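Structure data (mmCIF, C-alpha atoms) from work-v8.cif:
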```
data_final
#
loop_
_atom_site.label_atom_id
_atom_site.label_comp_id
_atom_site.auth_asym_id
_atom_site.auth_seq_id
_atom_site.Cartn_x
_atom_site.Cartn_y
_atom_site.Cartn_z
CA MET R 1 -61.96 40.01 59.00
CA LYS R 2 -62.57 39.87 55.27
CA LYS R 3 -59.12 41.31 54.69
CA LEU R 4 -57.53 38.57 56.81
CA VAL R 5 -59.35 35.82 54.90
CA LEU R 6 -58.36 37.36 51.60
CA SER R 7 -54.71 37.54 52.69
CA LEU R 8 -54.71 33.87 53.72
CA LEU R 9 -56.25 32.90 50.40
CA LEU R 10 -53.59 34.78 48.45
CA LEU R 11 -50.79 33.16 50.48
CA THR R 12 -52.25 29.70 49.80
CA LEU R 13 -52.44 30.32 46.06
CA ALA R 14 -48.88 31.62 46.01
CA GLY R 15 -47.63 28.49 47.78
CA CYS R 16 -49.39 26.20 45.32
CA SER R 17 -47.93 28.12 42.38
CA ALA R 18 -44.39 27.84 43.74
CA GLN R 19 -44.76 24.09 44.34
CA THR R 20 -46.02 23.57 40.80
CA THR R 21 -43.07 25.55 39.42
CA ASN R 22 -40.57 23.45 41.42
CA GLN R 23 -42.13 20.21 40.20
CA THR R 24 -41.97 21.40 36.59
CA THR R 25 -38.33 22.43 36.98
CA THR R 26 -37.40 19.09 38.52
CA THR R 27 -39.14 17.15 35.78
CA THR R 28 -37.51 19.26 33.08
CA SER R 29 -34.01 18.93 34.58
CA THR R 30 -34.20 15.16 34.83
CA ALA R 31 -35.57 14.70 31.30
CA PRO R 32 -32.19 15.07 29.44
CA THR R 33 -30.49 12.58 31.80
CA GLN R 34 -33.26 10.05 31.29
CA THR R 35 -33.10 10.56 27.50
CA ALA R 36 -29.30 10.09 27.39
CA SER R 37 -29.55 6.97 29.50
CA ALA R 38 -32.24 5.53 27.26
CA THR R 39 -30.15 6.30 24.14
CA GLN R 40 -27.05 4.57 25.56
CA THR R 41 -29.13 1.55 26.50
CA THR R 42 -30.47 1.37 22.94
CA ILE R 43 -26.93 1.57 21.50
CA ASN R 44 -25.67 -1.18 23.81
CA GLN R 45 -28.61 -3.40 22.96
CA SER R 46 -28.04 -2.79 19.24
CA ALA R 47 -24.33 -3.66 19.51
CA GLN R 48 -25.12 -6.80 21.46
CA SER R 49 -27.77 -7.77 18.93
CA SER R 50 -25.32 -7.28 16.03
CA ALA R 51 -22.70 -9.44 17.75
CA GLU R 52 -25.26 -12.17 18.36
CA LYS R 53 -26.33 -12.13 14.70
CA LEU R 54 -22.73 -12.38 13.36
CA PRO R 55 -22.22 -15.79 11.71
CA ALA R 56 -19.63 -17.98 13.39
CA ASP R 57 -17.49 -18.30 10.28
CA TYR R 58 -17.15 -14.52 10.08
CA SER R 59 -15.45 -14.28 13.46
CA GLN R 60 -13.39 -17.39 12.68
CA ALA R 61 -12.23 -15.86 9.41
CA LEU R 62 -11.18 -12.71 11.24
CA GLN R 63 -9.12 -14.68 13.77
CA LYS R 64 -7.38 -16.63 10.99
CA ALA R 65 -6.72 -13.41 9.08
CA LYS R 66 -5.04 -11.88 12.13
CA ALA R 67 -2.82 -14.93 12.55
CA TYR R 68 -1.70 -15.03 8.91
CA ALA R 69 -1.17 -11.29 8.65
CA HIS R 70 0.85 -10.97 11.86
CA LYS R 71 2.83 -14.21 11.78
CA LEU R 72 3.41 -14.77 8.07
CA HIS R 73 3.30 -11.10 7.03
CA LEU R 74 1.08 -11.81 4.03
CA SER R 75 -0.22 -9.15 1.68
CA LYS R 76 -3.93 -8.37 1.59
CA GLN R 77 -4.39 -10.16 -1.73
CA ALA R 78 -2.39 -13.20 -0.64
CA LEU R 79 -4.37 -13.33 2.59
CA TYR R 80 -7.67 -13.27 0.69
CA ALA R 81 -6.48 -16.14 -1.48
CA GLN R 82 -5.38 -18.17 1.54
CA LEU R 83 -8.66 -17.68 3.37
CA THR R 84 -10.86 -18.57 0.41
CA SER R 85 -8.74 -21.30 -1.17
CA ALA R 86 -10.01 -24.87 -1.15
CA TYR R 87 -6.44 -25.81 -0.24
CA GLY R 88 -6.34 -23.19 2.49
CA GLU R 89 -9.04 -22.17 4.97
CA HIS R 90 -11.98 -22.45 2.55
CA PHE R 91 -13.96 -19.53 4.02
CA SER R 92 -16.71 -17.97 1.95
CA PRO R 93 -15.96 -14.74 0.07
CA ALA R 94 -18.43 -12.92 2.33
CA ALA R 95 -16.73 -14.11 5.51
CA THR R 96 -13.32 -13.25 4.06
CA ASP R 97 -14.46 -9.78 3.02
CA TYR R 98 -15.71 -9.21 6.56
CA ALA R 99 -12.38 -10.37 8.01
CA LEU R 100 -10.29 -8.11 5.80
CA ALA R 101 -12.58 -5.14 6.40
CA HIS R 102 -12.15 -5.51 10.17
CA LEU R 103 -8.44 -6.35 10.13
CA LYS R 104 -6.19 -3.52 11.26
CA MET R 105 -2.94 -4.09 9.42
CA ASP R 106 -0.13 -1.97 7.96
CA TRP R 107 0.45 -3.78 4.66
CA LYS R 108 3.52 -1.67 3.86
CA GLN R 109 5.19 -2.91 7.03
CA ASN R 110 4.36 -6.48 6.05
CA ALA R 111 6.01 -5.90 2.68
CA LEU R 112 9.09 -4.52 4.42
CA VAL R 113 9.40 -7.55 6.70
CA VAL R 114 9.21 -9.90 3.72
CA ALA R 115 11.67 -7.78 1.72
CA ARG R 116 14.20 -7.92 4.56
CA THR R 117 14.00 -11.70 4.52
CA TYR R 118 14.72 -11.80 0.79
CA ALA R 119 17.61 -9.39 1.15
CA THR R 120 19.20 -10.90 4.25
CA ASP R 121 18.55 -14.63 3.91
CA MET R 122 18.44 -15.08 0.13
CA HIS R 123 20.75 -12.21 -0.88
CA LEU R 124 18.47 -11.08 -3.69
CA ALA R 125 18.99 -7.95 -5.77
CA LYS R 126 16.77 -4.90 -5.31
CA ALA R 127 14.93 -5.44 -8.61
CA ALA R 128 14.44 -9.14 -7.89
CA ILE R 129 12.93 -8.36 -4.49
CA TYR R 130 10.53 -5.85 -6.01
CA ASP R 131 9.44 -8.34 -8.65
CA GLN R 132 8.88 -11.05 -6.05
CA LEU R 133 6.88 -8.74 -3.80
CA THR R 134 4.55 -7.63 -6.59
CA ALA R 135 4.21 -10.89 -8.55
CA GLU R 136 0.68 -12.35 -8.63
CA THR R 137 2.20 -15.78 -8.09
CA GLY R 138 4.57 -14.35 -5.50
CA ASP R 139 3.65 -12.15 -2.55
CA ALA R 140 1.05 -10.05 -4.38
CA PHE R 141 1.76 -6.77 -2.61
CA THR R 142 0.73 -3.58 -4.40
CA ALA R 143 3.32 -1.53 -6.27
CA ALA R 144 3.13 1.17 -3.58
CA GLU R 145 3.66 -1.35 -0.77
CA ALA R 146 6.59 -2.98 -2.56
CA GLN R 147 8.22 0.36 -3.30
CA PHE R 148 7.87 1.39 0.34
CA ALA R 149 9.68 -1.80 1.32
CA ILE R 150 12.49 -1.25 -1.17
CA ASP R 151 12.92 2.38 -0.10
CA HIS R 152 13.28 1.39 3.54
CA LEU R 153 15.80 -1.42 3.13
CA THR R 154 19.36 -0.70 4.28
CA THR R 155 20.94 -3.53 2.31
CA ASP R 156 24.44 -3.44 0.84
CA TRP R 157 23.57 -4.58 -2.69
CA ASN R 158 27.24 -4.96 -3.67
CA LYS R 159 27.65 -7.40 -0.80
CA ASN R 160 24.57 -9.35 -1.90
CA ALA R 161 25.95 -9.59 -5.42
CA LEU R 162 29.27 -10.85 -4.07
CA LEU R 163 27.55 -13.51 -1.94
CA LYS R 164 25.66 -14.72 -5.01
CA ALA R 165 28.87 -14.69 -7.04
CA HIS R 166 30.53 -16.97 -4.47
CA GLU R 167 27.67 -19.43 -4.90
CA TYR R 168 28.21 -19.49 -8.67
CA GLN R 169 31.96 -19.81 -8.21
CA LYS R 170 31.36 -23.06 -6.35
CA GLU R 171 29.53 -24.29 -9.46
CA GLN R 172 32.76 -23.81 -11.41
CA LEU R 173 31.33 -20.99 -13.54
CA THR R 174 33.78 -18.66 -15.27
CA THR R 175 33.97 -14.99 -14.35
CA PRO R 176 32.03 -13.86 -17.46
CA GLU R 177 29.38 -16.51 -16.77
CA ILE R 178 29.08 -15.37 -13.18
CA LYS R 179 28.61 -11.75 -14.21
CA GLU R 180 26.01 -12.69 -16.81
CA ARG R 181 24.11 -14.74 -14.24
CA LEU R 182 24.19 -11.86 -11.78
CA VAL R 183 22.85 -9.32 -14.27
CA VAL R 184 20.45 -11.35 -16.41
CA THR R 185 19.07 -13.89 -13.94
CA ASP R 186 19.48 -12.19 -10.57
CA LYS R 187 18.87 -8.62 -11.81
CA PHE R 188 21.82 -6.98 -10.10
CA THR R 189 23.03 -3.80 -11.75
CA GLU R 190 26.16 -3.76 -13.91
CA VAL R 191 27.98 -1.86 -11.18
CA GLU R 192 27.00 -4.38 -8.51
CA ALA R 193 27.94 -7.33 -10.74
CA ASP R 194 31.34 -5.77 -11.56
CA TYR R 195 32.01 -5.26 -7.86
CA ALA R 196 31.18 -8.88 -7.19
CA VAL R 197 33.43 -10.43 -9.82
CA GLN R 198 36.26 -8.07 -8.94
CA HIS R 199 36.15 -9.14 -5.28
CA LEU R 200 35.66 -12.87 -5.77
CA ASP R 201 39.20 -13.83 -4.81
CA LYS R 202 39.82 -11.16 -2.20
#
```
When written as structure tokens, how does the structure in this file appear?
Amino acid sequence: MKKLVLSLLLLTLAGCSAQTTNQTTTTTSTAPTQTASATQTTINQSAQSSAEKLPADYSQALQKAKAYAHKLHLSKQALYAQLTSAYGEHFSPAATDYALAHLKMDWKQNALVVARTYATDMHLAKAAIYDQLTAETGDAFTAAEAQFAIDHLTTDWNKNALLKAHEYQKEQLTTPEIKERLVVTDKFTEVEADYAVQHLDK
């Protein structure tokens, strides 16, 4: 009889131990999931809080920056000037800095788009385009951005020189005057200028 009671007691203790172990395992296994969920919630709340605290002019400056950069293909420096200018958008330097920092733009591609316009529509020489792209009072691209643009143009510079020469011919300039204008003023090379004057009447 005593042996039977002792056996029952041992079985009861074993059952309690197993239940406790299962509860501990369940609690431990769910802990990482609960922690990850709590962390994600904190991140989302932080992001939402940051968005709510962002001044209105910051987001407005960013929208304007996107429009100017994509539609007018401005350089970063020219865009800053436009956004902060009293004659432009008149945003604060802080709002403008925020806009430029969050603007995803390939400035070299912008320089290339502008360079193509100068080459195709205005028939400028390679050197003249570079100068215009980098001028502080011009497009204000960096030297690297301007050089990228020049290197990726597929312009026939002889043809551009000839088109300019035809314009000067209409002004009744002599051949020597036309060549001088092409080289000194327009910055075509001697070879390009010679090609132009030699093909004026062809």
Selection dump of the PyMOL selection byres ((chain R and resi 63) around 12), as a list in words: Ala56, Asp57, Tyr58, Ser59, Gln60, Ala61, Leu62, Lys64, Ala65, Lys66, Ala67, Tyr68, Ala69, His70, Leu83, Glu89, Phe91, Ala95, Thr96, Tyr98, Ala99, Leu100, His102, Leu103 and Lys104 of chain R
Length of the CA of Ala115 in chain R to CA of Ala149 in chain R vector [Å]: 6.3 Å
Any idea what's packed within 8 Å of Asp139 in chain R, counting only C-alpha atoms, ignoring anything in its chain fewer than 3 positions away? Could you give it as a JSON list (two decimals) with C-alpha atoms, in the frame of the given file?
```json
[["chain", "number", "residue", "atom", "x", "y", "z"],
["R", 74, "LEU", "CA", 1.08, -11.81, 4.03],
["R", 75, "SER", "CA", -0.22, -9.15, 1.68],
["R", 78, "ALA", "CA", -2.39, -13.20, -0.64],
["R", 132, "GLN", "CA", 8.88, -11.05, -6.05],
["R", 133, "LEU", "CA", 6.88, -8.74, -3.80],
["R", 134, "THR", "CA", 4.55, -7.63, -6.59],
["R", 135, "ALA", "CA", 4.21, -10.89, -8.55],
["R", 136, "GLU", "CA", 0.68, -12.35, -8.63]]
```
Spatial sel., origin (19.4, 0.2, 0.4), limit 12 Å, all atoms listed in the file, listed as JSON, numbers by chain: {"R": [115, 116, 119, 120, 125, 126, 127, 129, 147, 148, 149, 150, 151, 152, 153, 154, 155, 156, 157, 158, 159, 160]}
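Between CA of Thr117 in chain R and CA of Leu72 in chain R lies a distance of 11.6 Å.
CA of Leu124 in chain R to CA of Asp186 in chain R spans 7.0 Å [interatomic distance, one decimal].
Contact shell of Gln109 in chain R at 9 Å (only C-alpha atoms; same-chain neighbours under 2 positions omitted): His73, Met105, Asp106, Trp107, Ala111, Leu112, Val113, Val114, Glu145, Phe148 and Ala149 of chain R.
When all atoms listed in the file are used to compute distances to Thr185 in chain R, the closest of the residues R:Ala128, R:Phe141, R:Glu167, R:Asp201 turns out to be R:Ala128.
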Which residue of R:His90, R:Lys164, R:Lys76, R:Lys108 approaches Val183 in chain R most closely, using only C-alpha atoms: R:Lys164
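This file, queried with the PyMOL selection byres ((chain R and resi 194) around 12), gives the residues Trp157, Asn158, Lys159, Ala161, Leu162, Ala165, Thr175, Pro176, Ile178, Lys179, Glu180, Arg181, Leu182, Val183, Phe188, Thr189, Glu190, Val191, Glu192, Ala193, Tyr195, Ala196, Val197, Gln198, His199 and Leu200 of chain R.
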